[in-house]
Structures are given as C-alpha cells and as structure tokens.
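Next up, input11.txt (compact mmCIF, C-alpha atoms):
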# COMPACT_ATOMS: atom_id res chain seq x y z
CA MET A 22 93.54 121.43 161.83
CA LYS A 23 93.26 117.63 161.72
CA ASN A 24 96.27 115.49 160.82
CA VAL A 25 95.80 112.87 158.10
CA ILE A 26 97.94 110.07 156.69
CA ILE A 27 97.17 108.68 153.23
CA ALA A 28 98.19 105.14 152.28
CA ASP A 29 97.70 104.10 148.66
CA ASP A 30 100.07 102.51 146.16
CA HIS A 31 99.12 104.94 143.38
CA LYS A 32 100.93 108.26 143.69
CA ILE A 33 98.57 110.08 141.35
CA PHE A 34 95.66 109.11 143.61
CA ARG A 35 97.52 110.21 146.75
CA ASP A 36 98.44 113.54 145.15
CA GLY A 37 94.85 114.22 144.08
CA LEU A 38 93.40 113.26 147.43
CA LYS A 39 96.01 115.32 149.27
CA LEU A 40 95.20 118.37 147.16
CA LEU A 41 91.48 117.93 147.80
CA ILE A 42 91.52 117.49 151.55
CA ASN A 43 94.26 120.10 152.13
CA SER A 44 91.98 122.62 150.43
CA TYR A 45 89.33 121.85 153.05
CA GLY A 46 91.58 122.49 156.03
CA TYR A 47 93.09 119.07 156.68
CA ASN A 48 96.82 118.58 157.15
CA VAL A 49 98.41 115.60 155.40
CA VAL A 50 101.34 114.72 157.67
CA GLY A 51 102.42 111.51 155.97
CA GLU A 52 102.00 109.19 153.00
CA ALA A 53 102.69 105.52 152.35
CA ASN A 54 102.67 103.47 149.16
CA SER A 55 102.64 100.06 150.87
CA THR A 56 101.73 98.48 154.18
CA ASP A 57 105.43 98.01 154.91
CA GLU A 58 105.96 101.75 154.54
CA LEU A 59 102.90 102.44 156.68
CA ARG A 60 104.46 100.44 159.50
CA THR A 61 107.50 102.75 159.54
CA ILE A 62 105.48 105.86 160.46
CA ASP A 63 106.59 107.41 163.75
CA GLN A 64 104.26 106.07 166.42
CA ASN A 65 104.67 109.29 168.40
CA LEU A 66 103.11 111.27 165.56
CA HIS A 67 99.61 112.53 166.28
CA VAL A 68 97.31 111.26 163.53
CA ASP A 69 93.59 112.04 163.60
CA VAL A 70 92.66 109.98 160.53
CA PHE A 71 94.26 107.28 158.40
CA ILE A 72 92.90 107.04 154.85
CA LEU A 73 93.79 103.59 153.54
CA ASP A 74 93.43 101.72 150.29
CA CYS A 75 92.17 98.16 150.80
CA GLN A 76 94.59 96.65 148.31
CA MET A 77 98.26 97.50 148.70
CA PRO A 78 101.50 95.48 148.45
CA SER A 79 102.42 93.27 151.44
CA GLU A 80 99.73 92.86 154.10
CA GLY A 81 95.98 93.07 153.76
CA PRO A 82 93.55 95.65 155.17
CA VAL A 83 92.53 93.57 158.19
CA ALA A 84 96.14 93.31 159.36
CA MET A 85 96.57 97.06 158.92
CA LEU A 86 93.42 97.75 160.90
CA HIS A 87 94.79 95.71 163.81
CA PHE A 88 98.16 97.50 163.54
CA ILE A 89 96.67 101.00 163.61
CA LYS A 90 94.28 100.21 166.45
CA LYS A 91 97.21 98.90 168.48
CA TYR A 92 99.71 101.71 167.88
CA PHE A 93 97.38 104.63 167.08
CA PRO A 94 94.34 103.80 169.24
CA SER A 95 92.85 107.30 169.11
CA SER A 96 93.06 107.56 165.30
CA LYS A 97 90.10 107.08 162.97
CA ILE A 98 90.39 104.67 160.04
CA VAL A 99 88.77 105.40 156.68
CA TYR A 100 89.04 102.80 153.90
CA MET A 101 88.72 103.86 150.26
CA THR A 102 88.45 100.94 147.87
CA GLY A 103 87.89 99.92 144.30
CA LEU A 104 87.15 96.34 145.38
CA GLN A 105 83.71 94.75 145.27
CA SER A 106 84.00 92.37 148.20
CA GLY A 107 81.08 92.11 150.59
CA GLY A 108 82.95 89.59 152.74
CA LEU A 109 85.90 91.93 153.20
CA PHE A 110 83.65 94.90 153.95
CA ARG A 111 81.81 92.81 156.55
CA GLN A 112 85.13 91.92 158.19
CA LEU A 113 86.31 95.53 158.32
CA HIS A 114 82.96 96.80 159.53
CA ASP A 115 82.70 94.16 162.27
CA LEU A 116 86.25 95.01 163.37
CA ASN A 117 85.17 98.65 163.80
CA ALA A 118 86.67 100.42 160.82
CA ASP A 119 85.28 103.95 161.11
CA ALA A 120 84.36 104.37 157.44
CA ILE A 121 84.40 102.42 154.18
CA ILE A 122 83.77 104.22 150.91
CA SER A 123 84.06 103.35 147.24
CA LYS A 124 86.64 105.05 145.04
CA ALA A 125 83.89 105.23 142.44
CA GLY A 126 82.16 107.92 144.52
CA GLY A 127 82.64 111.63 143.99
CA PRO A 128 85.12 113.81 145.88
CA ASN A 129 82.42 114.92 148.32
CA GLU A 130 82.17 111.35 149.63
CA ILE A 131 85.58 111.46 151.31
CA LEU A 132 84.82 114.86 152.82
CA ILE A 133 81.54 113.59 154.22
CA ALA A 134 83.28 110.49 155.58
CA LEU A 135 86.04 112.53 157.25
CA GLU A 136 83.57 114.88 158.89
CA SER A 137 81.45 111.97 160.05
CA VAL A 138 84.23 109.96 161.70
CA LEU A 139 85.76 113.03 163.34
CA ASN A 140 82.35 113.69 164.90
CA GLY A 141 82.42 110.22 166.42
CA ASN A 142 80.19 108.48 163.87
CA ARG A 143 80.75 105.58 161.51
CA TYR A 144 80.15 105.94 157.79
CA LEU A 145 79.42 103.66 154.84
CA ASP A 146 78.54 104.96 151.41
CA LYS A 147 75.51 103.54 149.59
CA GLU A 148 77.53 101.21 147.36
CA ILE A 149 79.34 99.65 150.32
CA GLU A 150 76.05 99.28 152.20
CA GLN A 151 74.63 97.32 149.27
CA TYR A 152 77.58 94.92 149.30
CA LEU A 153 77.27 94.49 153.05
CA SER A 154 73.56 93.74 152.85
CA SER A 155 74.27 91.00 150.30
CA VAL A 156 76.60 89.13 152.65
CA GLU A 157 75.25 87.01 155.47
CA ASN A 158 76.78 87.94 158.78
CA ILE A 159 77.55 84.30 159.46
CA LEU A 160 80.70 84.56 161.56
CA THR A 161 81.21 86.12 164.97
CA LYS A 162 84.01 88.66 165.42
CA LYS A 163 86.11 86.04 167.21
CA GLU A 164 85.55 83.54 164.41
CA VAL A 165 86.61 86.15 161.85
CA HIS A 166 89.84 86.73 163.79
CA VAL A 167 90.50 82.99 164.05
CA LEU A 168 89.77 82.66 160.31
CA GLU A 169 92.36 85.33 159.50
CA LEU A 170 95.00 83.44 161.47
CA VAL A 171 94.02 80.06 160.02
CA LEU A 172 94.43 81.54 156.53
CA GLN A 173 97.91 82.69 157.55
CA GLY A 174 98.73 79.02 158.20
CA MET A 175 98.82 79.20 161.99
CA THR A 176 98.10 76.10 164.08
CA ASN A 177 95.45 75.97 166.80
CA SER A 178 98.16 76.12 169.47
CA GLY A 179 99.74 79.15 167.79
CA ILE A 180 96.39 80.92 167.53
CA ALA A 181 95.59 80.09 171.14
CA GLU A 182 98.86 81.65 172.27
CA LYS A 183 98.34 84.76 170.16
CA LEU A 184 94.74 85.32 171.30
CA PHE A 185 95.33 84.27 174.93
CA ASN A 186 92.77 81.48 174.73
CA SER A 187 92.95 77.76 175.36
CA GLU A 188 93.67 75.48 172.45
CA ARG A 189 90.30 73.82 173.06
CA THR A 190 88.50 77.17 172.70
CA ILE A 191 90.29 77.89 169.43
CA ASN A 192 89.49 74.42 168.16
CA ASN A 193 85.80 75.08 168.92
CA HIS A 194 85.92 78.39 167.03
CA ARG A 195 87.67 76.73 164.11
CA THR A 196 85.18 73.87 164.00
CA SER A 197 82.27 76.31 164.18
CA LEU A 198 83.50 78.61 161.40
CA MET A 199 84.28 75.68 159.11
CA LYS A 200 80.81 74.26 159.71
CA LYS A 201 79.17 77.63 159.02
CA LEU A 202 81.16 78.04 155.80
CA GLY A 203 80.65 74.43 154.73
CA ALA A 204 84.37 73.67 154.62
CA HIS A 205 85.77 70.17 155.27
CA SER A 206 89.47 70.97 154.89
CA ILE A 207 91.83 73.95 154.80
CA ILE A 208 91.76 73.77 150.98
CA ASP A 209 87.96 73.99 151.09
CA LEU A 210 88.21 76.88 153.53
CA ILE A 211 90.54 78.88 151.27
CA LYS A 212 88.34 78.32 148.21
CA ILE A 213 85.11 79.16 150.03
CA THR A 214 86.43 82.29 151.73
CA GLU A 215 87.79 83.58 148.42
CA LYS A 216 84.45 82.90 146.75
CA LYS A 217 82.53 84.65 149.53
CA GLY A 218 84.84 87.66 149.35
CA PHE A 219 86.64 87.26 152.65
CA TYR A 220 90.14 88.66 152.46
CA LYS A 221 93.06 86.28 152.84
CA ILE A 222 95.79 88.20 154.66

Produce structure tokens that represent the structure in this file.
Amino acid sequence: MKNVIIADDHKIFRDGLKLLINSYGYNVVGEANSTDELRTIDQNLHVDVFILDCQMPSEGPVAMLHFIKKYFPSSKIVYMTGLQSGGLFRQLHDLNADAIISKAGGPNEILIALESVLNGNRYLDKEIEQYLSSVENILTKKEVHVLELVLQGMTNSGIAEKLFNSERTINNHRTSLMKKLGAHSIIDLIKITEKKGFYKI
C-alpha cells in the first residue's frame, strides 16, 4: 500500500480525493491546507506521493517542489491545478515535477497519474500538454531558478551565496534572462513574467 499526502486548501476537495484514492488501495497518511502546514509534516514519515494544489496560501508551488525534493527526495510529486498558466507548468515540468494534471479532468486522471509516477514515469494530461506547447521554452533551468529568487527580491550577492555560484555568474544569468524576456528593469520583469504565466513565489 502506497502512502500519500494531499495538500489543498479546500477541505471538500481533499475529502473527495481521499475517498477516491483510498478506495483504490492508497493510504492517505497526511493532509495539509496550506504550504505552512505542509512544512510541519514529520520528515521521518515515509511518503510515496505528494498530491499538491498549485495555489495555496503562503508559498508557491515552485518553492514547495524544492522543499519536498530536499526533505523527501524519494517521494513523487503530483500537481493538480485549476490554473491555466503555461509558464508555471513549464517551470514545474523543467524542475522535474513527476505529474501535472488539471482539476477539470475526470477522477480516472489522478489514478492514471499515480500509477504512472509510481512506475517511474512522468505524466501530463492533454490539457496541460497544450498549455506547455503554447509556451516557448526560453529560459534554462538555472535561469528559472535565478528568476524565482530575483522575484523574491534577492540581490545578486544573495542569490550567488544561496546557489553556491559567483556573483559574476549570477549577474550573467540575470542579464540573460532579462534579455530573453525583454525586461529592462525589475518592474518590467515582474509585469512580463506575470503576463507570460510564470509564477511569482
């Protein structure tokens, strides 16, 4: 029996999802209604799969992906979302989220996604694939990470320290991503990333 944690800020959704997947042999060992609550889960708990909403109070989905990969490195991560954000989906996919599916899909979609990731595969439903195909993959993974930290208000020196790079390297990444996005200032960068659907964490 595989252990699952569900994180979503709507209890009725969590209850319905829990009922569904429990009936197919999964074991829901924890729930969270915010990213803050998700961070309090016992890190010694064995979790096979995290099922996460992309839009919860506190931190964004990219920050949660980094958190889970750090403290639960063997766990799979499945995002269920009602958002329509190709930029966000590109970020999560490039950062190796195991599955991204739309909440608009039927109940079988989550079961297919769970089976797929537990078999070592990645999974995107058709709606998510369409959003991904509409977004140019214009930033490298490192540039995406630097962008996340820039949008948090961190300086180049702070980012360099966090990512164990030189300040010059970070400055090059920052210059490159701003050029690719056509931004001339941090205000431009915020407006452009929001328009393109990148998630400001």

Item to check | Spatial neighbours of A:His87, 12 Å, only C-alpha atoms, chain gap at least 5 places, as an NGL selection string | outcome: :A and (60 or 80-82 or 92-94 or 98 or 112-113 or 116-118 or 166 or 169 or 222)

Next on the checklist: Please report the interatomic distance between atom CA of A:Ile180 and atom CA of A:Lys97 in Å with one decimal.
Outcome noted: 27.3 Å

Item to check | Residues near A:Thr56, cut-off 10 Å, all atoms listed in the file, skip fewer than 2 positions along chain, as a list in words | outcome: Ala28, Asp29, Asp30, Ala53, Asn54, Glu58, Leu59, Arg60, Thr61, Leu73, Asp74, Gln76, Met77, Pro78, Ser79, Glu80, Gly81, Pro82, Ala84 and Met85 of chain A

Could you work out an axis-aligned bounding box for all listed atoms of stretch 84-93 of chain A, with 6 Å added on each of the six sides, and give its centre and edge lengths in Å to one decimal, as JSON?
{"center_x": 96.6, "center_y": 99.0, "center_z": 163.7, "size_x": 18.3, "size_y": 23.3, "size_z": 21.6}

Checklist entry - Can you tell me how far atom CA of A:Tyr144 sits from atom CA of A:Ile121, in Å to one decimal? => result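 Pair atom CA of A:Tyr144 / atom CA of A:Ile121 returns 6.6 Å.
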